[in-house]
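Notes follow once the structure below has been shown.
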Amino acid sequence: MTTTTWEDLVTSALLGTDRRPPAAGAPARSAGEDAPLALLDAAALHTVRRRAGLLPGPAAALPEPAPDDERPVLPEPARRRLAHLLADRSGSPSGGRRGAAPDLTELLPQWLSAANAHGYRAPASVLPALLDAARARTDLRPAALTFAGPRGLWLARLNPEWRFALRGAPGGTALPDPADAEAVRDLWDEGLFAERVALLGAVRAHDPDTAAALLASTWSTERAEDRLMFLDSLRTGLSDADEPFLEQALTDRSRNVRSTAAELLSALPRSAFARRMAARAATCVGLDRTGPEATVTVEAPHECDAGMQRDGVQPDPPPGRGERSWWLGQLVEAAPLTVWPARLGGRTPTDIVALPVADDWGDELHAAWCRAAVRQRDPDWARALLGPPKTPPATGPGTSSLAERSKLLSILPDAERALWVADFIAAHGLSEAFQLLGVCAVPWAEPLGRAVVDALDIARDAGSYPWSFSGVMGLAERCLDPGQADRLEVLTAVPDEPEGASPGAGGYWSEAFQRLVATLRLRAAMHAELLPVAPPPPPCT
Amino acid sequence: MNQQGVRWTAEQVLALAPDDASRRAGSRLGAAGPWSGGGSDGSGVVWGLCKGSGSTPYRTVVDTTGPAYTCSCPSRKFPCKHALGLLLLWAADGEPVRGSEVPDWAEQWLAGRRARAAGGGNGRTGDGGPPAASADPRAARRRAEQRAARITAGAEELEQRLADLLRGGLAAADRAGYGLWEETAARMVDAQAPGLAGRVRELGAIPGSGPGWPVRLLEECALTHLLDRAWLDVERLPEPLAATVRTRVGLTAPADGPAVRDHWSVLAQYDTSDGKLTTRRVWLHGRGTGRAALLLSFGAAGRAPGLALPVGVVIDAEVRPHAGAGQLRAELGEQFSVPVPDTEPPAGGTVARALAAYGTALRDDPWLDSWPATLTGVIPVPSQDGGWQLADADGGSALPVATAALGRPGLWRLAALSGGRPVTVFGECGHRGFTPLTAWSADTPETVPLT
């Protein structure tokens, strides 16, 4: 047996046996043998003995187990599909030309929202990949976090890279029953910000008055940015009952809070705020009946008085805009649209929009009406301002801006919206349709789908390359009704090259249509896999 | 035909890809679009026609039991993107591979394979030793003696270098840098002792491996010295230990142990690479015998190793162990069935039992770094310093997770699967800690690979 300790051996080894021979008692070799080899003999013995005698250490504090998730498990094919979609994510997003195969990454959002609609629980083993995906893509986060559920949130707490999940995770923690006043109070006083926002929403859905009282109870002590977020959360389920609170917020310390309160109030046409704005706007816009045809006259405000400023009108225009037109725009935007038919001779919105406007105020006025229609979600005005879809965008009544048009469209009912865009595409082709298509309900209604496919077919026959339409193609892959796949099959054939076509375009079009059909089939399969197979087994605990 | 043959998962398929580009290209082809006329016959054969840029579609056939691939495309990647795409499609039970009638063009290749397999089988039973032995046993013995002599010279030289190192002190090793070790490793390669060369390269990496390196360097120097001594006296060692020493030095022991037929669970599969060579390890566990077996397969740069067994299946097969005490390496022999899904994890134990098993295994092979173990009812526990433990569910004892496993995504999968509750974990348990490879939870029938 050796009496040399391991520490002695390490010291000798570190300094060298020439300088520091190992202590006597190291296993003796025959005389004359080298000290280094004796040291190594002893060290080998120590090493193997230490390894063979390893014992477990004491355990650190065990983690709090994740809350139970009672949602049913995914059907097996859907689980495989999800793994597939997440595995493809690692591939480069823009790997050159797209082939005939579907772009799986783009299908993940759809898969998640479908799975959430069914109310499935995420398989635990995919949570890391899911959180990574959500980390890389902000637009995925709400759906991914809902799907990840309480286990996902539990996991995210352990990894700093997933900290984003702890901010504004929907349904991450179990909210108390909104009727349980004490539990509500506790969470409201002590919860994380995200939990409090969620709580406010839940209580509000249950009983708006209690929610208002809850918010008012701590309002003056909240930070400005939190006040802004709370105010923003009132957008959901905004009603006349919120008026007193919002009216009070018009005098808030923070300018952003004030202007958000004003914006919310302007969406309540029966509020005192709306009446004040209506009166102000009405003094600026009138009807001149003296000429051969009625004309709208505009007299922009001459000053931005204290009352206007209190109601959220910004006195300073952005660079390059006249201050009077800036004030006018804000007044008209915030005034309830119901004021105009009475003010302008009992006309309908369509007739009002068609009226000529004096002194070149037309653009300014129509743009303000557009913003008002969006804010107040008024379909009659939206329809009037959009005008008939066949009218060329530049000469339409309301606005030629595609961004504003798509906002107006989003107010129309789904079917009407789809029909409007379908007619627009039939009349003007696809070149300006991308933004408008983006606001249409998925899957696209039949007339809209047909219009898009017809327009693509026309573009192909015209001999251009498909990548000029790659945006619309991508949307079509994600939004066309999967039932259309069979009808589209004929388009995947390589056509004869027409006179004057771009060389090789036919082959690329065929490839693009193949990808379209394949993606549609894949989406159909995806949705079919998510259908519940049998009564789900009771969740294990 | 047995239609219950298990399908692979997308991850298993993508693990076969020789490089990232193939993985991406294969993923893109893993959808219905270009495929037609495909199917699978339930015995693990999958085929399909993939439309490429030409007029005739490529004919792709995969025998997943091998796995073996053939494709009429000109790609020199192996497996090609078409084979990967086809397998992905099959993994997802895609529409175009739902056929079941083997077409003629696939049958030709399969018949050829069967014929070769039968021929190869005969060849193997004909002689157990290396082919050269039958050619000229005397010449073979002379070559073996020459090699042993070279290794002996190498071992003596290495002893000298270790002695010099210890005489001057390990502190100087830090300054000497990596070059000295590289040169010594090259000398060991010349001495035809790849086992020694590998150890020397590892020694060279230790001074840069963070705090505490002198202790680790001394440990590994000592074990290398132990191996040198063992080789120099190998004639006097009892036989199983002598075989172990020969294997450790780098002489490949033949897989000549008695074949063990069992239902083998595939517990884990993972690859490591040193830049030139990819080594794939597959851990098997015999359901009947309770034995562990390690299958090794190698792929040169840019090629995936040939062997691929999906984790979570059971195969009825023969396994032939290599010689040597404390050696788990084996070769996969005849398979008697297609793989079927595994139903439950192997029986396991506490963390203390796993460490004790490693300790016992060191008696047969003191150079072992780790030993396979299944931990039952353990909870992954994060610690303040970024490390992890696997703790017995009663919160008493715990094993640290090996540092090398800390950065891997698999550890997060393990944490997610556990959710703070006990799980069963298979992995390698050794003096560096526990490397988790596969996990099971009572919540789900899934076998979750962590590699």
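Going through the structure tokens in order, the chains are called A, B, and so on, while each chain numbers its residues from 1 and the ligands are numbered from 1 in the order shown.
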Considering only C-alpha atoms, return as a PyMOL selection string whatever protein or nucleic-acid residues lie within 7 Å of region 161-168 of chain B, sequence-local ones (same chain, fewer than 3 positions apart) excluded. (chain A and resi 13+16-18+36-37) or (chain B and resi 157-158+172)
Would you output that residue set with N, CA and C atoms, as a PDB file, in the first residue's frame?
ATOM      1  N   ALA A  13       4.183  15.936  -9.879  1.00  0.00           N
ATOM      2  CA  ALA A  13       4.039  15.865 -11.332  1.00  0.00           C
ATOM      3  C   ALA A  13       4.091  17.258 -11.933  1.00  0.00           C
ATOM      4  N   GLY A  16       7.672  18.567 -11.489  1.00  0.00           N
ATOM      5  CA  GLY A  16       8.695  17.711 -12.071  1.00  0.00           C
ATOM      6  C   GLY A  16       9.422  16.942 -10.976  1.00  0.00           C
ATOM      7  N   THR A  17       9.708  15.671 -11.250  1.00  0.00           N
ATOM      8  CA  THR A  17      10.336  14.849 -10.212  1.00  0.00           C
ATOM      9  C   THR A  17      11.777  15.262  -9.954  1.00  0.00           C
ATOM     10  N   ASP A  18      12.395  15.969 -10.931  1.00  0.00           N
ATOM     11  CA  ASP A  18      13.752  16.449 -10.688  1.00  0.00           C
ATOM     12  C   ASP A  18      13.770  17.450  -9.544  1.00  0.00           C
ATOM     13  N   PRO A  36      10.228   9.230 -12.228  1.00  0.00           N
ATOM     14  CA  PRO A  36       8.984   9.555 -12.960  1.00  0.00           C
ATOM     15  C   PRO A  36       8.113   8.326 -13.157  1.00  0.00           C
ATOM     16  N   LEU A  37       8.712   7.207 -13.494  1.00  0.00           N
ATOM     17  CA  LEU A  37       7.904   6.013 -13.753  1.00  0.00           C
ATOM     18  C   LEU A  37       7.254   5.520 -12.466  1.00  0.00           C
TER      19      LEU A  37
ATOM     20  N   GLU B 157       9.096   4.078 -26.666  1.00  0.00           N
ATOM     21  CA  GLU B 157       9.375   5.491 -26.926  1.00  0.00           C
ATOM     22  C   GLU B 157       8.408   6.385 -26.137  1.00  0.00           C
ATOM     23  N   LEU B 158       7.147   5.971 -26.107  1.00  0.00           N
ATOM     24  CA  LEU B 158       6.136   6.753 -25.402  1.00  0.00           C
ATOM     25  C   LEU B 158       6.446   6.792 -23.909  1.00  0.00           C
ATOM     26  N   ALA B 172       5.390  22.506 -17.435  1.00  0.00           N
ATOM     27  CA  ALA B 172       6.092  22.813 -18.678  1.00  0.00           C
ATOM     28  C   ALA B 172       5.288  22.344 -19.890  1.00  0.00           C
TER      29      ALA B 172
END
Please produce, as JSON lines, a per-residue contact table for chain A versus chain B (criterion: any atom at most 7 Å away, only C-alpha atoms considered), showing the nearest atom pair and its distance in Å to one decimal, sorted by chain then residue number.
{"residue": "A:Val10", "atom": "CA", "partner": "B:Val215", "partner_atom": "CA", "distance": 6.4}
{"residue": "A:Ala13", "atom": "CA", "partner": "B:Gly169", "partner_atom": "CA", "distance": 5.4}
{"residue": "A:Leu14", "atom": "CA", "partner": "B:Leu170", "partner_atom": "CA", "distance": 4.5}
{"residue": "A:Leu15", "atom": "CA", "partner": "B:Gly169", "partner_atom": "CA", "distance": 4.5}
{"residue": "A:Gly16", "atom": "CA", "partner": "B:Gly169", "partner_atom": "CA", "distance": 3.3}
{"residue": "A:Thr17", "atom": "CA", "partner": "B:Arg167", "partner_atom": "CA", "distance": 4.6}
{"residue": "A:Asp18", "atom": "CA", "partner": "B:Arg167", "partner_atom": "CA", "distance": 5.4}
{"residue": "A:Pro36", "atom": "CA", "partner": "B:Ala163", "partner_atom": "CA", "distance": 5.2}
{"residue": "A:Leu37", "atom": "CA", "partner": "B:Ala163", "partner_atom": "CA", "distance": 6.0}
{"residue": "A:Leu40", "atom": "CA", "partner": "B:Ala222", "partner_atom": "CA", "distance": 4.9}
{"residue": "A:Asp41", "atom": "CA", "partner": "B:Ala222", "partner_atom": "CA", "distance": 6.7}
{"residue": "A:Ala43", "atom": "CA", "partner": "B:Ala222", "partner_atom": "CA", "distance": 5.6}
{"residue": "A:Ala44", "atom": "CA", "partner": "B:Ala222", "partner_atom": "CA", "distance": 4.6}
{"residue": "A:Thr47", "atom": "CA", "partner": "B:Glu219", "partner_atom": "CA", "distance": 5.8}
{"residue": "A:Val48", "atom": "CA", "partner": "B:Pro366", "partner_atom": "CA", "distance": 6.3}
{"residue": "A:Arg51", "atom": "CA", "partner": "B:His431", "partner_atom": "CA", "distance": 5.9}
{"residue": "A:Ala52", "atom": "CA", "partner": "B:Gly359", "partner_atom": "CA", "distance": 3.8}
{"residue": "A:Gly53", "atom": "CA", "partner": "B:Gly359", "partner_atom": "CA", "distance": 6.3}
{"residue": "A:Leu54", "atom": "CA", "partner": "B:Leu355", "partner_atom": "CA", "distance": 6.6}
{"residue": "A:Leu55", "atom": "CA", "partner": "B:Ala352", "partner_atom": "CA", "distance": 6.6}
{"residue": "A:Pro56", "atom": "CA", "partner": "B:Ala398", "partner_atom": "CA", "distance": 5.4}
{"residue": "A:Gly57", "atom": "CA", "partner": "B:Ala398", "partner_atom": "CA", "distance": 5.3}
{"residue": "A:Pro58", "atom": "CA", "partner": "B:Ser397", "partner_atom": "CA", "distance": 4.8}
{"residue": "A:Ala59", "atom": "CA", "partner": "B:Ala398", "partner_atom": "CA", "distance": 4.7}
{"residue": "A:Ala60", "atom": "CA", "partner": "B:Ser383", "partner_atom": "CA", "distance": 6.8}
{"residue": "A:Leu62", "atom": "CA", "partner": "B:Val381", "partner_atom": "CA", "distance": 6.0}
{"residue": "A:Pro63", "atom": "CA", "partner": "B:Gly420", "partner_atom": "CA", "distance": 5.7}
{"residue": "A:Glu64", "atom": "CA", "partner": "B:Gly420", "partner_atom": "CA", "distance": 6.2}
{"residue": "A:Pro65", "atom": "CA", "partner": "B:Gly420", "partner_atom": "CA", "distance": 4.1}
{"residue": "A:Ala66", "atom": "CA", "partner": "B:Gly419", "partner_atom": "CA", "distance": 5.1}
{"residue": "A:Arg80", "atom": "CA", "partner": "B:Ala92", "partner_atom": "CA", "distance": 6.6}
{"residue": "A:Arg81", "atom": "CA", "partner": "B:Ala92", "partner_atom": "CA", "distance": 6.6}
{"residue": "A:Ala83", "atom": "CA", "partner": "B:Ala10", "partner_atom": "CA", "distance": 6.9}
{"residue": "A:His84", "atom": "CA", "partner": "B:Ala10", "partner_atom": "CA", "distance": 5.6}
{"residue": "A:Asp88", "atom": "CA", "partner": "B:Ser27", "partner_atom": "CA", "distance": 6.5}
{"residue": "A:Gly91", "atom": "CA", "partner": "B:Arg24", "partner_atom": "CA", "distance": 5.5}
{"residue": "A:Ala100", "atom": "CA", "partner": "B:Gly33", "partner_atom": "CA", "distance": 6.4}
{"residue": "A:Ala101", "atom": "CA", "partner": "B:Arg28", "partner_atom": "CA", "distance": 5.4}
{"residue": "A:Pro102", "atom": "CA", "partner": "B:Arg28", "partner_atom": "CA", "distance": 6.9}
{"residue": "A:Ala124", "atom": "CA", "partner": "B:Leu417", "partner_atom": "CA", "distance": 4.9}
{"residue": "A:Ser125", "atom": "CA", "partner": "B:Arg413", "partner_atom": "CA", "distance": 5.2}
{"residue": "A:Leu127", "atom": "CA", "partner": "B:Ala416", "partner_atom": "CA", "distance": 6.5}
{"residue": "A:Pro128", "atom": "CA", "partner": "B:Arg413", "partner_atom": "CA", "distance": 6.1}
{"residue": "A:Arg151", "atom": "CA", "partner": "B:Gly419", "partner_atom": "CA", "distance": 6.5}
{"residue": "A:Leu155", "atom": "CA", "partner": "B:Ala416", "partner_atom": "CA", "distance": 6.2}
{"residue": "A:Gln514", "atom": "CA", "partner": "B:Gly33", "partner_atom": "CA", "distance": 6.2}
{"residue": "A:Arg515", "atom": "CA", "partner": "B:Gly33", "partner_atom": "CA", "distance": 6.4}
{"residue": "A:Ala518", "atom": "CA", "partner": "B:Gly33", "partner_atom": "CA", "distance": 4.6}
{"residue": "A:Cys540", "atom": "CA", "partner": "B:Asp443", "partner_atom": "CA", "distance": 5.6}
If we count only C-alpha atoms and set the cut-off at 10 Å, which residues sit around region 58-74 of chain B, ignoring sequence neighbours fewer than 4 positions away in its own chain? Please answer as a PyMOL selection string. chain B and resi 7-8+16+35+37-40+43-54+78-87+105-107+109-110+113+306-310+335+337-339
Keeping C-alpha atoms, export the residues of the selection given above as a PDB file, in the first residue's frame.
ATOM      1  CA  ARG B   7     -41.515   3.541 -39.911  1.00  0.00           C
ATOM      2  CA  TRP B   8     -38.603   5.796 -39.252  1.00  0.00           C
ATOM      3  CA  LEU B  16     -28.366   9.402 -42.715  1.00  0.00           C
ATOM      4  CA  TRP B  35     -42.943  11.428 -56.566  1.00  0.00           C
ATOM      5  CA  GLY B  37     -45.350   4.990 -58.427  1.00  0.00           C
ATOM      6  CA  GLY B  38     -43.867   4.478 -54.983  1.00  0.00           C
ATOM      7  CA  GLY B  39     -44.568   1.993 -52.263  1.00  0.00           C
ATOM      8  CA  SER B  40     -43.194  -0.167 -49.509  1.00  0.00           C
ATOM      9  CA  SER B  43     -40.208  -5.872 -45.054  1.00  0.00           C
ATOM     10  CA  GLY B  44     -38.414  -2.564 -45.040  1.00  0.00           C
ATOM     11  CA  VAL B  45     -38.073  -1.986 -48.771  1.00  0.00           C
ATOM     12  CA  VAL B  46     -39.233   1.401 -50.068  1.00  0.00           C
ATOM     13  CA  TRP B  47     -39.244   2.524 -53.683  1.00  0.00           C
ATOM     14  CA  GLY B  48     -40.443   5.434 -55.787  1.00  0.00           C
ATOM     15  CA  LEU B  49     -40.028   7.391 -59.007  1.00  0.00           C
ATOM     16  CA  CYS B  50     -38.815  10.949 -58.596  1.00  0.00           C
ATOM     17  CA  LYS B  51     -39.291  13.459 -61.352  1.00  0.00           C
ATOM     18  CA  GLY B  52     -36.100  15.387 -61.910  1.00  0.00           C
ATOM     19  CA  SER B  53     -35.059  17.830 -64.578  1.00  0.00           C
ATOM     20  CA  GLY B  54     -34.832  15.126 -67.264  1.00  0.00           C
ATOM     21  CA  PHE B  78     -24.527   8.541 -50.724  1.00  0.00           C
ATOM     22  CA  PRO B  79     -27.346   8.271 -49.905  1.00  0.00           C
ATOM     23  CA  CYS B  80     -28.471  10.769 -52.544  1.00  0.00           C
ATOM     24  CA  LYS B  81     -31.139  13.385 -51.975  1.00  0.00           C
ATOM     25  CA  HIS B  82     -33.711  11.236 -53.738  1.00  0.00           C
ATOM     26  CA  ALA B  83     -33.196   8.362 -51.301  1.00  0.00           C
ATOM     27  CA  LEU B  84     -33.506  10.793 -48.379  1.00  0.00           C
ATOM     28  CA  GLY B  85     -36.605  12.419 -49.844  1.00  0.00           C
ATOM     29  CA  LEU B  86     -38.187   9.039 -50.475  1.00  0.00           C
ATOM     30  CA  LEU B  87     -37.529   7.947 -46.887  1.00  0.00           C
ATOM     31  CA  TRP B 105     -37.002  -2.276 -61.723  1.00  0.00           C
ATOM     32  CA  ALA B 106     -36.843  -2.403 -57.935  1.00  0.00           C
ATOM     33  CA  GLU B 107     -37.083  -6.170 -57.848  1.00  0.00           C
ATOM     34  CA  TRP B 109     -31.838  -4.634 -57.565  1.00  0.00           C
ATOM     35  CA  LEU B 110     -33.334  -6.461 -54.588  1.00  0.00           C
ATOM     36  CA  ARG B 113     -28.765  -7.834 -53.157  1.00  0.00           C
ATOM     37  CA  GLY B 306     -23.345   2.811 -43.272  1.00  0.00           C
ATOM     38  CA  LEU B 307     -25.072   1.368 -40.248  1.00  0.00           C
ATOM     39  CA  ALA B 308     -28.335   2.998 -39.215  1.00  0.00           C
ATOM     40  CA  LEU B 309     -30.757   1.549 -36.719  1.00  0.00           C
ATOM     41  CA  PRO B 310     -33.665   3.711 -35.617  1.00  0.00           C
ATOM     42  CA  GLN B 335     -31.532 -10.340 -38.500  1.00  0.00           C
ATOM     43  CA  SER B 337     -37.321 -10.028 -38.401  1.00  0.00           C
ATOM     44  CA  VAL B 338     -38.049  -6.498 -39.450  1.00  0.00           C
ATOM     45  CA  PRO B 339     -37.704  -4.012 -36.600  1.00  0.00           C
TER      46      PRO B 339
END
Name the residues of region 69-221 of chain A that fall into helix (DSSP H, G or I) according to DSSP on the backbone, using the chain letters and numbers of this document, as a PyMOL selection string. chain A and resi 76-88+104-118+124-136+138-156+160-166+181-190+193-206+208-221
Restricting the output to C-alpha atoms, write the selected residues as an mmCIF file, in the first residue's frame.
data_model
loop_
_atom_site.group_PDB
_atom_site.id
_atom_site.type_symbol
_atom_site.label_atom_id
_atom_site.label_comp_id
_atom_site.auth_asym_id
_atom_site.auth_seq_id
_atom_site.Cartn_x
_atom_site.Cartn_y
_atom_site.Cartn_z
ATOM 1 C CA GLU A 76 -49.334 10.072 -33.978
ATOM 2 C CA PRO A 77 -49.224 11.151 -37.676
ATOM 3 C CA ALA A 78 -49.613 14.770 -36.600
ATOM 4 C CA ARG A 79 -46.751 14.371 -34.140
ATOM 5 C CA ARG A 80 -44.541 13.054 -36.926
ATOM 6 C CA ARG A 81 -45.592 15.914 -39.163
ATOM 7 C CA LEU A 82 -44.691 18.466 -36.538
ATOM 8 C CA ALA A 83 -41.259 16.911 -36.057
ATOM 9 C CA HIS A 84 -40.820 17.086 -39.818
ATOM 10 C CA LEU A 85 -41.848 20.737 -40.024
ATOM 11 C CA LEU A 86 -39.531 21.644 -37.168
ATOM 12 C CA ALA A 87 -36.634 19.587 -38.548
ATOM 13 C CA ASP A 88 -36.863 21.426 -41.871
ATOM 14 C CA LEU A 104 -42.342 23.449 -45.039
ATOM 15 C CA THR A 105 -41.247 26.363 -42.856
ATOM 16 C CA GLU A 106 -44.081 28.457 -44.191
ATOM 17 C CA LEU A 107 -46.602 25.831 -43.130
ATOM 18 C CA LEU A 108 -45.630 25.832 -39.471
ATOM 19 C CA PRO A 109 -47.825 28.828 -38.507
ATOM 20 C CA GLN A 110 -50.809 27.159 -40.138
ATOM 21 C CA TRP A 111 -50.094 23.849 -38.459
ATOM 22 C CA LEU A 112 -49.833 25.508 -35.057
ATOM 23 C CA SER A 113 -53.047 27.438 -35.350
ATOM 24 C CA ALA A 114 -54.888 24.310 -36.530
ATOM 25 C CA ALA A 115 -53.458 22.280 -33.629
ATOM 26 C CA ASN A 116 -54.437 25.019 -31.206
ATOM 27 C CA ALA A 117 -57.933 25.104 -32.674
ATOM 28 C CA HIS A 118 -58.209 21.412 -31.832
ATOM 29 C CA ALA A 124 -42.854 17.384 -24.482
ATOM 30 C CA SER A 125 -39.944 16.260 -26.626
ATOM 31 C CA VAL A 126 -40.579 18.900 -29.328
ATOM 32 C CA LEU A 127 -40.781 21.813 -26.905
ATOM 33 C CA PRO A 128 -37.103 22.843 -27.263
ATOM 34 C CA ALA A 129 -37.339 22.910 -31.074
ATOM 35 C CA LEU A 130 -40.638 24.754 -30.840
ATOM 36 C CA LEU A 131 -39.231 27.394 -28.505
ATOM 37 C CA ASP A 132 -36.185 27.793 -30.739
ATOM 38 C CA ALA A 133 -38.467 28.305 -33.725
ATOM 39 C CA ALA A 134 -40.520 30.874 -31.825
ATOM 40 C CA ARG A 135 -37.361 32.624 -30.716
ATOM 41 C CA ALA A 136 -36.245 33.052 -34.306
ATOM 42 C CA THR A 138 -41.675 36.670 -33.653
ATOM 43 C CA ASP A 139 -44.785 36.027 -35.723
ATOM 44 C CA LEU A 140 -44.800 32.410 -34.563
ATOM 45 C CA ARG A 141 -44.645 33.275 -30.896
ATOM 46 C CA PRO A 142 -48.298 33.629 -29.858
ATOM 47 C CA ALA A 143 -49.371 30.362 -31.505
ATOM 48 C CA ALA A 144 -46.212 28.499 -30.514
ATOM 49 C CA LEU A 145 -46.505 29.556 -26.880
ATOM 50 C CA THR A 146 -50.182 28.669 -26.709
ATOM 51 C CA PHE A 147 -49.342 25.241 -28.093
ATOM 52 C CA ALA A 148 -46.327 24.832 -25.800
ATOM 53 C CA GLY A 149 -48.612 25.471 -22.831
ATOM 54 C CA PRO A 150 -47.594 25.381 -19.172
ATOM 55 C CA ARG A 151 -44.782 22.859 -19.751
ATOM 56 C CA GLY A 152 -43.274 25.153 -22.388
ATOM 57 C CA LEU A 153 -43.322 28.077 -19.988
ATOM 58 C CA TRP A 154 -41.852 25.930 -17.233
ATOM 59 C CA LEU A 155 -39.022 24.963 -19.572
ATOM 60 C CA ALA A 156 -38.455 28.513 -20.791
ATOM 61 C CA PRO A 160 -32.154 32.339 -20.769
ATOM 62 C CA GLU A 161 -32.430 31.985 -24.554
ATOM 63 C CA TRP A 162 -36.149 31.403 -24.180
ATOM 64 C CA ARG A 163 -36.771 34.329 -21.879
ATOM 65 C CA PHE A 164 -39.020 35.893 -24.501
ATOM 66 C CA ALA A 165 -41.633 33.292 -23.588
ATOM 67 C CA LEU A 166 -41.992 34.708 -20.103
ATOM 68 C CA ALA A 181 -62.334 38.168 -5.941
ATOM 69 C CA GLU A 182 -59.592 37.351 -3.471
ATOM 70 C CA ALA A 183 -57.459 35.312 -5.875
ATOM 71 C CA VAL A 184 -57.927 37.974 -8.540
ATOM 72 C CA ARG A 185 -56.820 40.652 -6.126
ATOM 73 C CA ASP A 186 -53.735 38.662 -5.094
ATOM 74 C CA LEU A 187 -52.564 38.062 -8.642
ATOM 75 C CA TRP A 188 -53.342 41.656 -9.598
ATOM 76 C CA ASP A 189 -51.216 42.945 -6.753
ATOM 77 C CA GLU A 190 -48.333 40.512 -7.057
ATOM 78 C CA PHE A 193 -46.931 42.138 -15.843
ATOM 79 C CA ALA A 194 -47.905 39.558 -18.468
ATOM 80 C CA GLU A 195 -50.017 37.700 -15.923
ATOM 81 C CA ARG A 196 -51.773 40.909 -14.911
ATOM 82 C CA VAL A 197 -52.603 41.798 -18.510
ATOM 83 C CA ALA A 198 -54.026 38.318 -19.019
ATOM 84 C CA LEU A 199 -55.945 38.597 -15.757
ATOM 85 C CA LEU A 200 -57.424 41.948 -16.750
ATOM 86 C CA GLY A 201 -58.609 40.431 -20.024
ATOM 87 C CA ALA A 202 -60.196 37.463 -18.258
ATOM 88 C CA VAL A 203 -61.958 39.567 -15.634
ATOM 89 C CA ARG A 204 -63.095 41.983 -18.324
ATOM 90 C CA ALA A 205 -64.681 39.195 -20.335
ATOM 91 C CA HIS A 206 -66.434 38.036 -17.175
ATOM 92 C CA PRO A 208 -66.374 44.694 -17.256
ATOM 93 C CA ASP A 209 -67.241 46.768 -14.187
ATOM 94 C CA THR A 210 -65.044 44.703 -11.862
ATOM 95 C CA ALA A 211 -62.209 44.969 -14.370
ATOM 96 C CA ALA A 212 -62.565 48.741 -14.527
ATOM 97 C CA ALA A 213 -62.537 48.954 -10.746
ATOM 98 C CA LEU A 214 -59.467 46.707 -10.606
ATOM 99 C CA LEU A 215 -57.600 48.856 -13.082
ATOM 100 C CA ALA A 216 -58.639 52.097 -11.404
ATOM 101 C CA SER A 217 -57.495 50.812 -8.009
ATOM 102 C CA THR A 218 -53.809 50.824 -8.950
ATOM 103 C CA TRP A 219 -53.869 53.157 -11.957
ATOM 104 C CA SER A 220 -52.040 56.070 -10.404
ATOM 105 C CA THR A 221 -49.141 53.897 -9.233
#
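In this structure, CA of Leu234 (chain A) sits 27.0 Å away from CA of Leu328 (chain A).
Going from CA of Met277 (chain A) over to CA of Pro349 (chain A), you cover 18.9 Å.
For the pair CA of Ala505 (chain A) and CA of Ser470 (chain A), the separation is 13.5 Å.
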Could you give me, as JSON, numbers by chain, the residues within 7 Å of Gly427 (chain B), counting only C-alpha atoms and dropping anything in the same chain fewer than 2 positions from it? {"B": [372, 373, 374, 425, 429, 434, 435, 436, 437, 438]}
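Residue neighbourhood of Gly474 (chain A), excluding near-sequence residues (fewer than 3 positions): Arg98, Pro102, Asp103, Leu104, Thr105, Glu106, Leu107, Phe434, Leu437, Gly438, Val452, Pro466, Trp467, Ser468, Phe469, Ser470, Gly471, Glu477, Arg478, Cys479, Leu480, Ala512, Phe513, Arg515, Leu516, Val517, Thr519 and Leu520 of chain A, at 12 Å, using only C-alpha atoms.
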